[in-house]
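**Student:** Below is the file data.tsv, with TSV, C-alpha atoms and all ligand atoms.
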```
chain	number	residue	atom	x	y	z
D	1	MET	CA	310.48	43.73	239.44
D	2	LYS	CA	308.49	41.69	236.91
D	3	PRO	CA	307.86	38.00	237.65
D	4	LEU	CA	310.57	35.84	236.06
D	5	SER	CA	310.18	32.47	234.32
D	6	ILE	CA	313.03	30.12	233.42
D	7	TYR	CA	313.19	27.90	230.34
D	8	ILE	CA	315.79	25.12	230.05
D	9	HIS	CA	316.39	23.37	226.73
D	10	ILE	CA	317.54	19.73	226.54
D	11	PRO	CA	318.27	19.14	222.85
D	12	PHE	CA	318.63	15.34	222.80
D	13	CYS	CA	316.17	12.69	221.57
D	14	LYS	CA	316.38	8.94	221.14
D	15	HIS	CA	314.68	9.34	217.81
D	16	LYS	CA	314.02	12.58	215.90
D	17	CYS	CA	310.35	12.71	214.83
D	18	ALA	CA	309.72	13.24	211.12
D	19	TYR	CA	307.68	16.44	211.69
D	20	CYS	CA	309.94	18.06	214.29
D	21	ASP	CA	311.74	21.28	213.46
D	22	PHE	CA	312.91	22.08	217.00
D	23	VAL	CA	316.63	22.27	217.79
D	24	SER	CA	317.20	18.66	218.82
D	25	PHE	CA	319.50	15.78	217.83
D	26	ASP	CA	319.19	12.01	217.88
D	27	ASN	CA	322.85	11.36	217.11
D	28	ARG	CA	324.63	13.39	219.79
D	29	THR	CA	323.45	11.76	223.03
D	30	ASP	CA	327.13	11.08	223.86
D	31	LYS	CA	327.35	14.84	224.53
D	32	THR	CA	324.64	14.84	227.21
D	33	SER	CA	326.97	14.89	230.19
D	34	GLY	CA	329.11	17.76	228.78
D	35	TYR	CA	325.91	19.59	227.89
D	36	VAL	CA	324.59	19.35	231.46
D	37	ASP	CA	327.90	20.83	232.69
D	38	ALA	CA	327.68	23.75	230.21
D	39	LEU	CA	324.05	24.30	231.18
D	40	CYS	CA	324.88	24.37	234.89
D	41	ALA	CA	327.69	26.87	234.26
D	42	GLU	CA	325.31	29.11	232.31
D	43	ILE	CA	322.64	28.95	235.04
D	44	LYS	CA	325.20	29.58	237.79
D	45	ASP	CA	326.57	32.65	235.97
D	46	ALA	CA	323.10	34.18	235.80
D	47	GLY	CA	322.81	34.02	239.62
D	48	ILE	CA	319.01	33.99	239.71
D	49	LYS	CA	317.58	34.11	243.22
D	50	THR	CA	313.85	33.77	242.58
D	51	ALA	CA	311.55	32.59	239.79
D	52	GLU	CA	307.82	32.07	239.38
D	53	THR	CA	307.93	29.15	236.94
D	54	ILE	CA	310.50	26.79	235.42
D	55	PHE	CA	309.95	24.75	232.24
D	56	ILE	CA	312.40	22.05	231.14
D	57	GLY	CA	311.68	21.26	227.50
D	58	GLY	CA	313.35	19.85	224.44
D	59	GLY	CA	314.12	17.63	222.80
D	60	THR	CA	313.46	14.99	225.38
D	61	PRO	CA	314.35	15.99	228.96
D	62	SER	CA	313.16	12.58	230.17
D	63	LEU	CA	316.36	11.14	228.62
D	64	LEU	CA	318.42	12.76	231.40
D	65	THR	CA	319.61	10.46	234.19
D	66	ASN	CA	318.48	11.20	237.75
D	67	THR	CA	322.00	12.38	238.59
D	68	GLN	CA	322.01	14.82	235.66
D	69	MET	CA	318.58	16.20	236.59
D	70	SER	CA	319.63	16.61	240.25
D	71	LYS	CA	322.76	18.48	239.15
D	72	ILE	CA	320.70	21.00	237.17
D	73	PHE	CA	318.41	21.51	240.17
D	74	THR	CA	321.30	22.41	242.47
D	75	TYR	CA	321.64	25.64	240.41
D	76	LEU	CA	317.93	26.48	240.10
D	77	PRO	CA	315.90	28.65	242.46
D	78	LYS	CA	312.62	27.42	243.94
D	79	ALA	CA	309.51	28.08	241.84
D	80	SER	CA	305.83	27.39	242.34
D	81	GLU	CA	305.27	25.73	238.94
D	82	ILE	CA	308.02	23.45	237.62
D	83	THR	CA	307.29	21.49	234.44
D	84	VAL	CA	309.30	18.77	232.71
D	85	GLU	CA	308.53	17.49	229.21
D	86	ALA	CA	308.50	13.71	228.97
D	87	ASN	CA	308.23	11.18	226.20
D	88	PRO	CA	306.02	8.11	226.84
D	89	ASN	CA	308.98	5.90	225.92
D	90	SER	CA	311.46	7.30	228.39
D	91	VAL	CA	309.54	7.88	231.63
D	92	THR	CA	309.91	5.32	234.36
D	93	ALA	CA	308.50	5.20	237.89
D	94	ALA	CA	312.02	5.73	239.29
D	95	LYS	CA	312.49	8.88	237.19
D	96	LEU	CA	309.06	10.28	237.99
D	97	ARG	CA	309.52	9.72	241.74
D	98	HIS	CA	312.93	11.37	241.61
D	99	TRP	CA	311.54	14.38	239.74
D	100	PHE	CA	308.75	14.69	242.31
D	101	SER	CA	311.35	14.71	245.09
D	102	LEU	CA	313.18	17.58	243.32
D	103	GLY	CA	310.05	19.75	243.48
D	104	ILE	CA	308.89	19.20	239.89
D	105	ASN	CA	305.11	19.46	240.08
D	106	ARG	CA	303.91	19.43	236.47
D	107	ILE	CA	304.56	16.82	233.77
D	108	SER	CA	303.97	17.42	230.07
D	109	ILE	CA	303.72	14.16	228.14
D	110	GLY	CA	304.19	14.09	224.35
D	111	VAL	CA	301.28	11.81	223.48
D	112	GLN	CA	300.51	13.43	220.08
D	113	SER	CA	297.70	10.98	219.24
D	114	PHE	CA	295.71	8.09	220.68
D	115	ASN	CA	295.50	6.48	217.24
D	116	ASP	CA	298.33	4.01	216.50
D	117	GLU	CA	298.10	4.62	212.76
D	118	VAL	CA	298.52	8.37	213.24
D	119	LEU	CA	301.42	7.74	215.65
D	120	LYS	CA	303.10	5.64	212.96
D	121	THR	CA	302.56	8.31	210.33
D	122	LEU	CA	304.14	10.84	212.69
D	123	GLY	CA	307.13	8.53	213.14
D	124	ARG	CA	306.51	8.11	216.88
D	125	THR	CA	308.04	5.04	218.48
D	126	HIS	CA	305.32	4.45	221.12
D	127	THR	CA	301.76	3.20	220.95
D	128	ALA	CA	298.60	4.84	222.29
D	129	GLU	CA	298.50	2.22	225.05
D	130	GLN	CA	302.05	3.09	226.15
D	131	ALA	CA	301.07	6.76	226.19
D	132	LEU	CA	298.09	6.02	228.43
D	133	LYS	CA	300.31	3.93	230.72
D	134	SER	CA	302.80	6.80	231.08
D	135	ILE	CA	299.98	9.20	232.02
D	136	LYS	CA	298.72	6.78	234.70
D	137	LEU	CA	302.27	6.24	235.95
D	138	ALA	CA	302.81	9.99	236.37
D	139	CYS	CA	299.64	10.11	238.48
D	140	GLU	CA	300.68	7.07	240.55
D	141	CYS	CA	304.04	8.74	241.23
D	142	GLY	CA	302.33	11.76	242.79
D	143	PHE	CA	301.77	14.22	239.94
D	144	ARG	CA	298.48	16.09	240.12
D	145	ASN	CA	299.14	18.49	237.25
D	146	ILE	CA	299.60	16.57	234.01
D	147	ASN	CA	299.54	17.99	230.48
D	148	ILE	CA	299.37	15.98	227.30
D	149	ASP	CA	300.50	17.33	223.91
D	150	LEU	CA	298.35	16.34	220.96
D	151	ILE	CA	298.83	16.99	217.23
D	152	HIS	CA	295.78	16.99	214.95
D	153	SER	CA	295.31	17.18	211.17
D	154	VAL	CA	297.91	14.49	210.47
D	155	THR	CA	295.37	12.30	208.62
D	156	THR	CA	291.66	12.87	207.97
D	157	LYS	CA	290.68	10.27	210.62
D	158	PRO	CA	288.49	11.73	213.41
D	159	VAL	CA	290.36	12.48	216.64
D	160	GLN	CA	289.95	10.04	219.55
D	161	ILE	CA	290.74	10.68	223.20
D	162	PRO	CA	289.89	7.72	225.46
D	163	SER	CA	287.61	8.83	228.33
D	164	GLU	CA	289.94	7.18	230.86
D	165	VAL	CA	292.60	9.81	230.10
D	166	PHE	CA	290.42	12.51	231.65
D	167	LYS	CA	290.71	10.84	235.08
D	168	TYR	CA	294.37	11.88	235.19
D	169	ILE	CA	295.04	15.01	233.15
D	170	THR	CA	294.54	18.71	233.94
D	171	HIS	CA	295.79	20.36	230.74
D	172	VAL	CA	295.92	19.71	226.99
D	173	SER	CA	298.02	21.42	224.31
D	174	ALA	CA	296.42	20.52	220.97
D	175	TYR	CA	298.47	21.71	218.01
D	176	CYS	CA	297.62	21.59	214.33
D	177	LEU	CA	300.44	19.79	212.48
D	178	ILE	CA	302.86	22.40	211.19
D	179	ILE	CA	304.59	21.14	208.07
D	180	GLU	CA	307.94	22.89	207.78
D	181	GLN	CA	309.71	22.95	204.42
D	182	GLY	CA	311.26	19.62	203.44
D	183	LYS	CA	309.20	17.55	205.92
D	184	PRO	CA	307.52	14.41	204.50
D	185	PHE	CA	303.86	15.35	205.14
D	186	LYS	CA	300.98	16.51	202.97
D	187	PRO	CA	298.49	18.98	204.45
D	188	ILE	CA	294.94	17.67	204.77
D	189	PRO	CA	292.12	19.90	203.37
D	190	GLU	CA	291.56	23.03	205.48
D	191	SER	CA	287.89	22.15	206.13
D	192	ALA	CA	288.89	18.71	207.51
D	193	SER	CA	291.51	20.35	209.73
D	194	LEU	CA	288.98	22.85	211.05
D	195	ASP	CA	286.56	19.97	211.78
D	196	GLN	CA	289.26	18.18	213.82
D	197	GLN	CA	290.03	21.34	215.74
D	198	LYS	CA	286.34	21.85	216.56
D	199	GLN	CA	285.99	18.16	217.48
D	200	ILE	CA	288.89	18.40	219.96
D	201	GLU	CA	287.43	21.59	221.43
D	202	LEU	CA	284.08	19.85	221.98
D	203	ILE	CA	285.61	16.69	223.50
D	204	LEU	CA	287.62	18.88	225.86
D	205	ALA	CA	284.69	21.15	226.74
D	206	ILE	CA	282.49	18.12	227.58
D	207	ASN	CA	285.25	16.88	229.87
D	208	GLY	CA	285.52	20.18	231.76
D	209	PHE	CA	288.45	21.79	229.95
D	210	GLU	CA	288.33	25.49	229.12
D	211	LYS	CA	290.18	26.93	226.15
D	212	TYR	CA	292.47	29.76	227.30
D	213	GLU	CA	294.72	30.12	224.25
D	214	VAL	CA	294.55	29.07	220.59
D	215	SER	CA	296.01	25.60	221.29
D	216	ASN	CA	295.74	25.33	225.09
D	217	PHE	CA	292.99	23.98	227.34
D	218	ALA	CA	292.88	23.49	231.09
D	219	ARG	CA	290.68	22.53	233.99
D	220	LYS	CA	289.89	25.45	236.31
D	221	GLY	CA	293.02	26.53	238.18
D	222	PHE	CA	295.39	24.56	235.92
D	223	GLN	CA	296.28	27.05	233.19
D	224	CYS	CA	300.02	26.79	232.55
D	225	ARG	CA	301.53	29.83	234.27
D	226	HIS	CA	304.74	29.42	232.31
D	227	ASN	CA	302.85	29.68	228.99
D	228	LEU	CA	300.91	32.69	230.29
D	229	ALA	CA	304.21	34.45	231.05
D	230	TYR	CA	305.29	34.09	227.38
D	231	TRP	CA	302.03	35.56	226.20
D	232	GLN	CA	302.17	38.65	228.44
D	233	PRO	CA	305.48	40.33	227.56
D	234	GLN	CA	304.31	43.64	229.05
D	235	THR	CA	304.16	42.19	232.57
D	236	HIS	CA	306.44	39.13	232.55
D	237	GLU	CA	310.07	38.29	231.76
D	238	TYR	CA	311.77	35.01	231.00
D	239	ILE	CA	315.29	33.71	230.72
D	240	GLY	CA	316.25	30.70	228.59
D	241	PHE	CA	319.24	28.46	229.29
D	242	GLY	CA	320.72	25.94	226.88
D	243	LEU	CA	321.04	25.55	223.16
D	244	ALA	CA	318.88	27.92	221.07
D	245	ALA	CA	317.06	29.10	224.20
D	246	HIS	CA	315.39	32.52	224.02
D	247	SER	CA	315.15	35.15	226.73
D	248	PHE	CA	313.07	38.29	227.11
D	249	ILE	CA	314.54	40.61	229.73
D	250	ASN	CA	314.51	44.41	230.16
D	251	GLY	CA	312.53	44.74	226.90
D	252	LYS	CA	315.24	42.87	224.95
D	253	ARG	CA	314.95	39.56	223.17
D	254	ILE	CA	318.11	37.47	223.39
D	255	SER	CA	318.81	34.08	221.80
D	256	ASN	CA	321.50	31.50	222.47
D	257	THR	CA	323.52	29.85	219.71
D	258	GLU	CA	321.98	26.86	217.87
D	259	ASN	CA	325.44	25.31	217.37
D	260	LEU	CA	325.93	22.49	219.88
D	261	ASP	CA	329.74	22.47	219.66
D	262	ALA	CA	329.91	26.24	220.19
D	263	TYR	CA	327.56	25.93	223.17
D	264	LEU	CA	329.63	23.10	224.67
D	265	SER	CA	332.78	25.21	224.41
D	266	LEU	CA	331.21	27.50	227.07
D	267	ARG	CA	332.28	30.50	225.03
D	268	ALA	CA	329.13	30.88	222.96
D	269	GLU	CA	327.89	34.44	222.78
D	270	ARG	CA	324.29	35.41	223.25
D	271	ASN	CA	322.75	37.23	220.29
D	272	ASN	CA	321.00	40.44	221.18
D	273	LEU	CA	317.88	41.04	219.15
D	274	PRO	CA	317.04	44.72	219.74
D	275	ARG	CA	313.37	45.64	220.09
D	276	THR	CA	311.72	49.04	219.62
D	277	PRO	CA	308.63	50.08	221.64
D	278	GLY	CA	306.66	49.56	218.38
D	279	ASP	CA	307.87	45.94	218.09
D	280	LEU	CA	306.95	45.37	221.69
D	281	SER	CA	303.45	46.71	221.29
D	282	ALA	CA	302.90	44.56	218.14
D	283	GLU	CA	304.19	41.51	220.05
D	284	THR	CA	301.88	42.24	222.97
D	285	ILE	CA	298.90	42.35	220.59
D	286	MET	CA	299.99	39.28	218.64
D	287	LEU	CA	300.63	37.12	221.72
D	288	GLY	CA	297.80	38.52	223.85
D	289	LEU	CA	295.12	37.95	221.22
D	290	ARG	CA	296.04	34.26	221.17
D	291	THR	CA	294.66	34.06	224.71
D	292	THR	CA	291.00	34.27	225.67
D	293	ARG	CA	291.90	37.14	228.08
D	294	GLY	CA	292.88	39.31	225.11
D	295	VAL	CA	294.75	42.63	225.34
D	296	GLU	CA	294.10	45.98	227.10
D	297	VAL	CA	292.03	48.31	224.94
D	298	GLU	CA	294.77	51.05	225.14
D	299	TYR	CA	296.90	49.03	222.72
D	300	PHE	CA	294.35	49.71	219.95
D	301	LYS	CA	294.25	53.54	220.20
D	302	ASN	CA	295.13	53.93	216.50
D	303	LYS	CA	292.91	51.08	215.37
D	304	SER	CA	289.42	52.21	216.43
D	305	ALA	CA	287.94	51.81	212.91
D	306	GLU	CA	289.32	48.27	212.63
D	307	ILE	CA	288.05	47.36	216.12
D	308	LYS	CA	284.57	48.72	215.28
D	309	PHE	CA	284.53	46.70	212.04
D	310	LEU	CA	285.68	43.47	213.77
D	311	LYS	CA	283.09	44.00	216.54
D	312	GLU	CA	280.33	44.35	213.92
D	313	LEU	CA	281.43	41.02	212.42
D	314	LYS	CA	281.35	39.53	215.98
D	315	LEU	CA	284.99	38.49	215.62
D	316	VAL	CA	286.16	40.44	218.70
D	317	THR	CA	284.49	41.66	221.90
D	318	GLU	CA	285.36	44.26	224.50
D	319	CYS	CA	285.02	43.25	228.15
D	320	ASP	CA	286.57	44.76	231.33
D	321	GLY	CA	288.74	47.11	229.29
D	322	ARG	CA	290.19	44.32	227.14
D	323	ILE	CA	289.76	43.30	223.49
D	324	ALA	CA	289.57	39.56	222.90
D	325	ALA	CA	288.73	37.27	219.96
D	326	THR	CA	285.32	35.58	220.10
D	327	SER	CA	285.10	31.82	219.53
D	328	LYS	CA	284.22	32.65	215.88
D	329	GLY	CA	287.18	35.04	215.78
D	330	PHE	CA	289.62	32.33	216.89
D	331	TYR	CA	289.09	30.52	213.57
D	332	VAL	CA	290.45	33.55	211.64
D	333	LEU	CA	292.85	34.81	214.32
D	334	ASN	CA	295.76	35.41	211.94
D	335	LEU	CA	293.62	37.77	209.83
D	336	ILE	CA	292.50	39.64	212.95
D	337	ILE	CA	296.10	40.02	214.18
D	338	GLU	CA	297.16	41.22	210.72
D	339	LYS	CA	294.47	43.93	210.83
D	340	LEU	CA	295.35	45.07	214.35
D	341	THR	CA	299.17	45.22	214.19
D	401	LIG	C1	309.45	20.47	221.63
D	401	LIG	S1	308.33	19.21	221.42
D	401	LIG	C2	308.97	18.02	222.57
D	401	LIG	C3	308.26	16.67	222.56
D	401	LIG	C4	308.96	15.49	223.24
D	401	LIG	N1	310.31	15.35	222.82
D	401	LIG	C5	308.25	14.17	222.90
D	401	LIG	O1	308.73	13.43	222.08
D	401	LIG	O2	307.22	13.88	223.44
D	401	LIG	C6	306.91	19.85	222.20
D	401	LIG	C7	305.64	19.65	221.43
D	401	LIG	O3	305.58	20.44	220.27
D	401	LIG	C8	304.63	19.87	219.38
D	401	LIG	N2	305.19	19.89	218.01
D	401	LIG	C9	306.45	19.66	217.65
D	401	LIG	N3	306.59	19.76	216.30
D	401	LIG	C10	305.37	20.06	215.80
D	401	LIG	C11	304.85	20.30	214.49
D	401	LIG	N4	305.61	20.23	213.40
D	401	LIG	N5	303.52	20.59	214.37
D	401	LIG	C12	302.74	20.66	215.47
D	401	LIG	N6	303.17	20.46	216.72
D	401	LIG	C13	304.46	20.15	216.89
D	401	LIG	C14	304.40	18.43	219.83
D	401	LIG	O4	303.07	18.29	220.31
D	401	LIG	C15	305.42	18.25	220.94
D	401	LIG	O5	304.98	17.41	221.97
```
Would you encode the structure as C-alpha cells?
**Tutor:**
Amino acid sequence: MKPLSIYIHIPFCKHKCAYCDFVSFDNRTDKTSGYVDALCAEIKDAGIKTAETIFIGGGTPSLLTNTQMSKIFTYLPKASEITVEANPNSVTAAKLRHWFSLGINRISIGVQSFNDEVLKTLGRTHTAEQALKSIKLACECGFRNINIDLIHSVTTKPVQIPSEVFKYITHVSAYCLIIEQGKPFKPIPESASLDQQKQIELILAINGFEKYEVSNFARKGFQCRHNLAYWQPQTHEYIGFGLAAHSFINGKRISNTENLDAYLSLRAERNNLPRTPGDLSAETIMLGLRTTRGVEVEYFKNKSAEIKFLKELKLVTECDGRIAATSKGFYVLNLIIEKLT
C-alpha cells in the first residue's frame, strides 16, 4: 500500500483577498457549522484507518471554532505530520493551544509580506507586526514546525524578512504573485521579479534554509512531507475532503464539486478524471522536476537527445540515477518541462 495523505478544505474567509482565486467565500460564514457536518460525514464514509500526513487548508481554517475543529478530528486517523493553515488575524493563544492538544504539529501562517504597503496592495487586513506576533504566539503555544507563506513580485520594492522571524520558523513557501484573469494587479517587469526571487533565495540560504522545490524552502529535517507526497504521484496517494478538494488514488484523479450548496446537500458526486499511463508519466516529470530531488532517469527513455542538450547547457544534472534541474535550470523550469514531456 502506498503512503496516504489527507487534505481537508475549509472554504471560508473573513475577507477574500484581491489576488485569491482559490475556492473560498467571505459571505457564507453562516454555513460553517453545516459545512463541518458535511465534511465529517464525507470523512466518516471514507473509513480511513491510517495516514502519513494531514493538511487542513483553505480558505481560512483558523476561522473554525475549537468545537468544530475537535469534531473534525474525531473522524481523522492519527498522522505524523498534521498542518493547519492560519491567518495572522484569526489565531489566538486559546486556538493554538487547542490545536496542539489535538495533535496538530505544524502551523502554516499566511504572512505574505513583511512590508505594510505591500500588504495593503494585496488587500490583507493585518500588518507585518501582527504577522510577527502570530508567529511568536505559535511558538509560545508549543509549535516547533512553523511555515510562513510569502508572496513576492507584488510591487518592485525589495523583499524584507526581519531577522527575528528566523528564530521561530522552519519552513517558507515563497510564491510569485499569480495574477488570474480579472484580478486588479499589474505584473511587475520580469527582471524585477527574478531579482526578488533571487533575493529571497539568498536571504533564506543565509539563514539556513535549503530550497527543495521551486517555491519551498526548509531547515534540515523540516521539508513538508505533505507537499512531497503531492509531488511524487508514482509513490504516494492523497485523498481530499471538502469543497473542490482533489484526490489521487489508484492512479485516478478525482475532484469534489465546487458548488457549496451541492456539497452541503451531502449528495454531491465526485467527478472522476480518468488518467492514462502517459498522463501519469507526464505528471510525474512535471511535478518531480519542481523538486531538487528530480525524477528517476527511466522516465526520460525517449528523451535522451533533449537530456543531452539540457546537460550541455548546464540546465539539468544527473545524480544517483535521477535527473534534476540545476539552480540555473530552475529559472527556466517551464521550458525544461515543456521539452521533457
Ligand atoms: C489557499 S491560500 C490560504 C491563505 C490563508 N487564508 C491566509 O489568509 O493566510 C494559501 C497560500 O497560497 C498563496 N496564494 C494564494 N493566491 C495566490 C496568488 N494569486 N499568487 C501567489 N500566491 C498565492 C498565498 O501565499 C497563501 O497563503
**Student:** Step by step, measure atom-to-atom distances between ligand LIG 401 (chain D) and each residue using all atoms listed in the file, keep those at most 9 Å, then write them as a PyMOL selection string.
**Tutor:** chain D and resi 11-24+57-62+85-89+108-112+124+148-152+173-180+183
**Student:** For Glu237 in chain D, please output as a short mmCIF file (atom, residue, chain, number, x, y, z; two decimals) with C-alpha atoms, in the frame of the given file all residues within 7 Å (counting all atoms listed in the file; exclusion window: fewer than 5 positions along the same chain).
**Tutor:**
```cif
data_model
loop_
_atom_site.label_atom_id
_atom_site.label_comp_id
_atom_site.auth_asym_id
_atom_site.auth_seq_id
_atom_site.Cartn_x
_atom_site.Cartn_y
_atom_site.Cartn_z
CA LYS D 2 308.49 41.69 236.91
CA PRO D 3 307.86 38.00 237.65
CA LEU D 4 310.57 35.84 236.06
CA SER D 5 310.18 32.47 234.32
CA PHE D 248 313.07 38.29 227.11
CA ILE D 249 314.54 40.61 229.73
#
```
**Student:** Near Gln234 in chain D, within 12 Å and counting only C-alpha atoms, which residues show up once chain neighbours fewer than 3 positions away are dropped, as a list in words?
**Tutor:**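 Contacts, in chain order: Lys2, Pro3, Leu228, Ala229, Tyr230, Trp231, Glu237, Tyr238, Phe248, Ile249, Asn250, Gly251, Lys252, Pro277, Asp279, Leu280, Ser281, Ala282, Glu283, Thr284, Ile285, Leu287, Gly288, Val295, Glu296 and Tyr299 of chain D.
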**Student:** Could you state the separation of CA of Ala128 in chain D and CA of Val165 in chain D in Å, given to one decimal place?
**Tutor:**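 Result for CA of Ala128 in chain D versus CA of Val165 in chain D: 11.0 Å, one decimal.
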**Student:** Here is a test: counting only C-alpha atoms, which residue of D:Ile239, D:Val91, D:Ala305, D:Met69 is nearest to Ile48 in chain D?
**Tutor:**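 Among the listed residues, D:Ile239 lies closest to Ile48 in chain D.
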**Student:** Any idea what's packed within 10 Å of Leu194 in chain D, counting all atoms listed in the file, ignoring anything in its chain fewer than 3 positions away? Could you give it as a PyMOL selection string?
**Tutor:** chain D and resi 152-153+176+189-191+197-200+331
**Student:** Using all atoms listed in the file, which of the listed residues (D:Lys311, D:Lys167, D:Lys120, D:Arg225) sits closest to Thr83 in chain D?
**Tutor:**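 Smallest separation from Thr83 in chain D among the options: D:Arg225.
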**Student:** If we count only C-alpha atoms, what is near Arg290 in chain D at a cut-off of 12 Å, once residues fewer than 5 positions away on the same chain are taken out, given as a JSON list (two decimals) with C-alpha atoms, keeping the file's coordinate frame?
**Tutor:**
```
[["chain", "number", "residue", "atom", "x", "y", "z"],
["D", 211, "LYS", "CA", 290.18, 26.93, 226.15],
["D", 212, "TYR", "CA", 292.47, 29.76, 227.30],
["D", 213, "GLU", "CA", 294.72, 30.12, 224.25],
["D", 214, "VAL", "CA", 294.55, 29.07, 220.59],
["D", 215, "SER", "CA", 296.01, 25.60, 221.29],
["D", 216, "ASN", "CA", 295.74, 25.33, 225.09],
["D", 227, "ASN", "CA", 302.85, 29.68, 228.99],
["D", 228, "LEU", "CA", 300.91, 32.69, 230.29],
["D", 230, "TYR", "CA", 305.29, 34.09, 227.38],
["D", 231, "TRP", "CA", 302.03, 35.56, 226.20],
["D", 232, "GLN", "CA", 302.17, 38.65, 228.44],
["D", 283, "GLU", "CA", 304.19, 41.51, 220.05],
["D", 284, "THR", "CA", 301.88, 42.24, 222.97],
["D", 285, "ILE", "CA", 298.90, 42.35, 220.59],
["D", 295, "VAL", "CA", 294.75, 42.63, 225.34],
["D", 316, "VAL", "CA", 286.16, 40.44, 218.70],
["D", 323, "ILE", "CA", 289.76, 43.30, 223.49],
["D", 324, "ALA", "CA", 289.57, 39.56, 222.90],
["D", 325, "ALA", "CA", 288.73, 37.27, 219.96],
["D", 326, "THR", "CA", 285.32, 35.58, 220.10],
["D", 327, "SER", "CA", 285.10, 31.82, 219.53],
["D", 329, "GLY", "CA", 287.18, 35.04, 215.78],
["D", 330, "PHE", "CA", 289.62, 32.33, 216.89],
["D", 331, "TYR", "CA", 289.09, 30.52, 213.57],
["D", 332, "VAL", "CA", 290.45, 33.55, 211.64],
["D", 333, "LEU", "CA", 292.85, 34.81, 214.32],
["D", 334, "ASN", "CA", 295.76, 35.41, 211.94],
["D", 336, "ILE", "CA", 292.50, 39.64, 212.95],
["D", 337, "ILE", "CA", 296.10, 40.02, 214.18]]
```
**Student:** So what do you get for CA of Phe25 in chain D versus CA of Gly47 in chain D, distance-wise?
**Tutor:** 28.6 Å
**Student:** Could you check which of D:Ser163, D:Leu289, D:Gly240, D:Pro77 is closest to Asn256 in chain D, using all atoms listed in the file?
**Tutor:**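 Using all atoms listed in the file, the shortest distance to Asn256 in chain D belongs to D:Gly240.
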**Student:** With only C-alpha atoms as the atoms that count, which of D:Ile56, D:Glu258, D:Gly123, D:Asn105 lies nearest to Pro184 in chain D?
**Tutor:**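 Looking only at the distances to Pro184 in chain D, the closest residue turns out to be D:Gly123.
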**Student:** Out of D:Phe73, D:Phe300, D:Phe222, D:Phe166, which residue has the shortest atom-to-atom distance to Ala205 in chain D when counting all atoms listed in the file?
**Tutor:** D:Phe166
**Student:** List the neighbours of Gln160 in chain D out to 8 Å using all atoms listed in the file; skip same-chain residues closer than 5 positions along the sequence, and give me the result as JSON, numbers by chain.
**Tutor:** {"D": [113, 114, 115]}
**Student:** In Å to one decimal, how far is CA of Ile10 in chain D from CA of Glu140 in chain D?
**Tutor:**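 That distance, rounded to one decimal, is 25.3 Å.
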